[in-house]
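File shown: run23.pdb (PDB, C-alpha atoms and all ligand atoms).
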ATOM      1  CA  MET A   1     138.260  69.537 107.568  1.00  0.00           C
ATOM      2  CA  ASN A   2     135.838  67.895 109.853  1.00  0.00           C
ATOM      3  CA  MET A   3     136.099  64.175 109.716  1.00  0.00           C
ATOM      4  CA  ASN A   4     133.972  63.552 112.705  1.00  0.00           C
ATOM      5  CA  PRO A   5     130.336  64.520 112.187  1.00  0.00           C
ATOM      6  CA  LYS A   6     129.600  63.966 115.812  1.00  0.00           C
ATOM      7  CA  LYS A   7     130.535  66.962 117.825  1.00  0.00           C
ATOM      8  CA  GLU A   8     130.654  65.583 121.237  1.00  0.00           C
ATOM      9  CA  ARG A   9     132.338  67.214 124.114  1.00  0.00           C
ATOM     10  CA  ILE A  10     134.455  64.601 125.734  1.00  0.00           C
ATOM     11  CA  SER A  11     135.972  65.465 129.024  1.00  0.00           C
ATOM     12  CA  SER A  12     137.203  61.970 129.484  1.00  0.00           C
ATOM     13  CA  GLU A  13     140.643  63.302 130.243  1.00  0.00           C
ATOM     14  CA  LYS A  14     139.474  64.099 133.706  1.00  0.00           C
ATOM     15  CA  TYR A  15     137.517  61.028 134.461  1.00  0.00           C
ATOM     16  CA  THR A  16     136.317  57.744 133.151  1.00  0.00           C
ATOM     17  CA  ARG A  17     133.012  56.122 133.762  1.00  0.00           C
ATOM     18  CA  ASP A  18     132.650  53.059 135.855  1.00  0.00           C
ATOM     19  CA  GLY A  19     129.040  52.150 135.738  1.00  0.00           C
ATOM     20  CA  ALA A  20     127.280  55.006 137.429  1.00  0.00           C
ATOM     21  CA  LYS A  21     130.460  56.262 138.982  1.00  0.00           C
ATOM     22  CA  TYR A  22     133.111  58.663 137.868  1.00  0.00           C
ATOM     23  CA  VAL A  23     136.725  57.648 138.192  1.00  0.00           C
ATOM     24  CA  CYS A  24     139.432  60.270 138.473  1.00  0.00           C
ATOM     25  CA  THR A  25     142.023  59.464 135.833  1.00  0.00           C
ATOM     26  CA  ARG A  26     144.826  60.745 138.011  1.00  0.00           C
ATOM     27  CA  CYS A  27     144.244  58.961 141.252  1.00  0.00           C
ATOM     28  CA  LYS A  28     141.623  56.403 140.241  1.00  0.00           C
ATOM     29  CA  LYS A  29     139.311  57.441 143.005  1.00  0.00           C
ATOM     30  CA  LYS A  30     135.655  56.902 142.426  1.00  0.00           C
ATOM     31  CA  TYR A  31     133.013  59.519 142.844  1.00  0.00           C
ATOM     32  CA  PHE A  32     129.312  59.619 142.501  1.00  0.00           C
ATOM     33  CA  SER A  33     129.106  63.007 140.902  1.00  0.00           C
ATOM     34  CA  LYS A  34     130.857  64.633 137.994  1.00  0.00           C
ATOM     35  CA  ASP A  35     131.334  67.731 140.065  1.00  0.00           C
ATOM     36  CA  GLU A  36     133.348  65.892 142.650  1.00  0.00           C
ATOM     37  CA  VAL A  37     135.543  64.015 140.260  1.00  0.00           C
ATOM     38  CA  GLU A  38     136.366  67.175 138.349  1.00  0.00           C
ATOM     39  CA  LYS A  39     137.292  68.875 141.565  1.00  0.00           C
ATOM     40  CA  CYS A  40     139.490  65.965 142.462  1.00  0.00           C
ATOM     41  CA  TYR A  41     141.204  65.995 139.100  1.00  0.00           C
ATOM     42  CA  ASP A  42     141.725  69.716 139.181  1.00  0.00           C
ATOM     43  CA  GLY A  43     143.168  69.387 142.641  1.00  0.00           C
ATOM     44  CA  HIS A  44     146.062  67.322 141.415  1.00  0.00           C
ATOM     45  CA  PRO A  45     149.237  69.075 140.415  1.00  0.00           C
ATOM     46  CA  VAL A  46     149.288  69.590 136.692  1.00  0.00           C
ATOM     47  CA  LYS A  47     152.343  68.414 134.900  1.00  0.00           C
ATOM     48  CA  LYS A  48     153.361  70.013 131.667  1.00  0.00           C
ATOM     49  CA  GLU A  49     154.951  66.910 130.324  1.00  0.00           C
ATOM     50  CA  GLU A  50     152.800  63.899 130.480  1.00  0.00           C
ATOM     51  CA  THR A  51     154.180  60.515 129.803  1.00  0.00           C
ATOM     52  CA  VAL A  52     151.586  58.374 128.200  1.00  0.00           C
TER      53      VAL A  52
HETATM   54 ZN    ZN B   1     141.907  62.471 141.748  1.00  0.00          ZN
END
Write out the structure in this file as structure tokens.
Amino acid sequence: MNMNPKKERISSEKYTRDGAKYVCTRCKKKYFSKDEVEKCYDGHPVKKEETV
């Protein structure tokens, strides 16, 4: 059951793109490298229950 032929790895949970920058989805800080923004995201306390 694969409805999506495109198998793309989306790690957009951690960051969003803002032009050439990466924006942490938790604190909305902008970074110039994916490495940094992932570190930032991972540095935030992880909640089990997330209210969307
Ligand atoms: Zn952050």
Could the residues that lie within 7 Å of ligand ZN 1 (chain B), counting all atoms listed in the file, be listed as a PDB file with C-alpha atoms, in the coordinates of the input?
ATOM      1  CA  CYS A  24     139.432  60.270 138.473  1.00  0.00           C
ATOM      2  CA  THR A  25     142.023  59.464 135.833  1.00  0.00           C
ATOM      3  CA  ARG A  26     144.826  60.745 138.011  1.00  0.00           C
ATOM      4  CA  CYS A  27     144.244  58.961 141.252  1.00  0.00           C
ATOM      5  CA  LYS A  28     141.623  56.403 140.241  1.00  0.00           C
ATOM      6  CA  LYS A  29     139.311  57.441 143.005  1.00  0.00           C
ATOM      7  CA  VAL A  37     135.543  64.015 140.260  1.00  0.00           C
ATOM      8  CA  CYS A  40     139.490  65.965 142.462  1.00  0.00           C
ATOM      9  CA  TYR A  41     141.204  65.995 139.100  1.00  0.00           C
ATOM     10  CA  HIS A  44     146.062  67.322 141.415  1.00  0.00           C
TER      11      HIS A  44
END
Which residues come within 10 Å of region 33-36 of chain A, counting only C-alpha atoms, excluding same-chain residues fewer than 5 positions away, as a PDB file with C-alpha atoms, in the frame of the given file?
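And here's around-v4.pdb as it stands now:
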ATOM      1  CA  LYS A  14     139.474  64.099 133.706  1.00  0.00           C
ATOM      2  CA  TYR A  15     137.517  61.028 134.461  1.00  0.00           C
ATOM      3  CA  ARG A  17     133.012  56.122 133.762  1.00  0.00           C
ATOM      4  CA  ALA A  20     127.280  55.006 137.429  1.00  0.00           C
ATOM      5  CA  LYS A  21     130.460  56.262 138.982  1.00  0.00           C
ATOM      6  CA  TYR A  22     133.111  58.663 137.868  1.00  0.00           C
ATOM      7  CA  VAL A  23     136.725  57.648 138.192  1.00  0.00           C
ATOM      8  CA  CYS A  24     139.432  60.270 138.473  1.00  0.00           C
ATOM      9  CA  TYR A  41     141.204  65.995 139.100  1.00  0.00           C
ATOM     10  CA  ASP A  42     141.725  69.716 139.181  1.00  0.00           C
TER      11      ASP A  42
END
Can you tell me which residues surround Gly19 (chain A) at a distance of at most 12 Å, considering all atoms listed in the file, apart from same-chain residues fewer than 6 positions away, and format the answer as a PyMOL selection string? chain A and resi 30-32
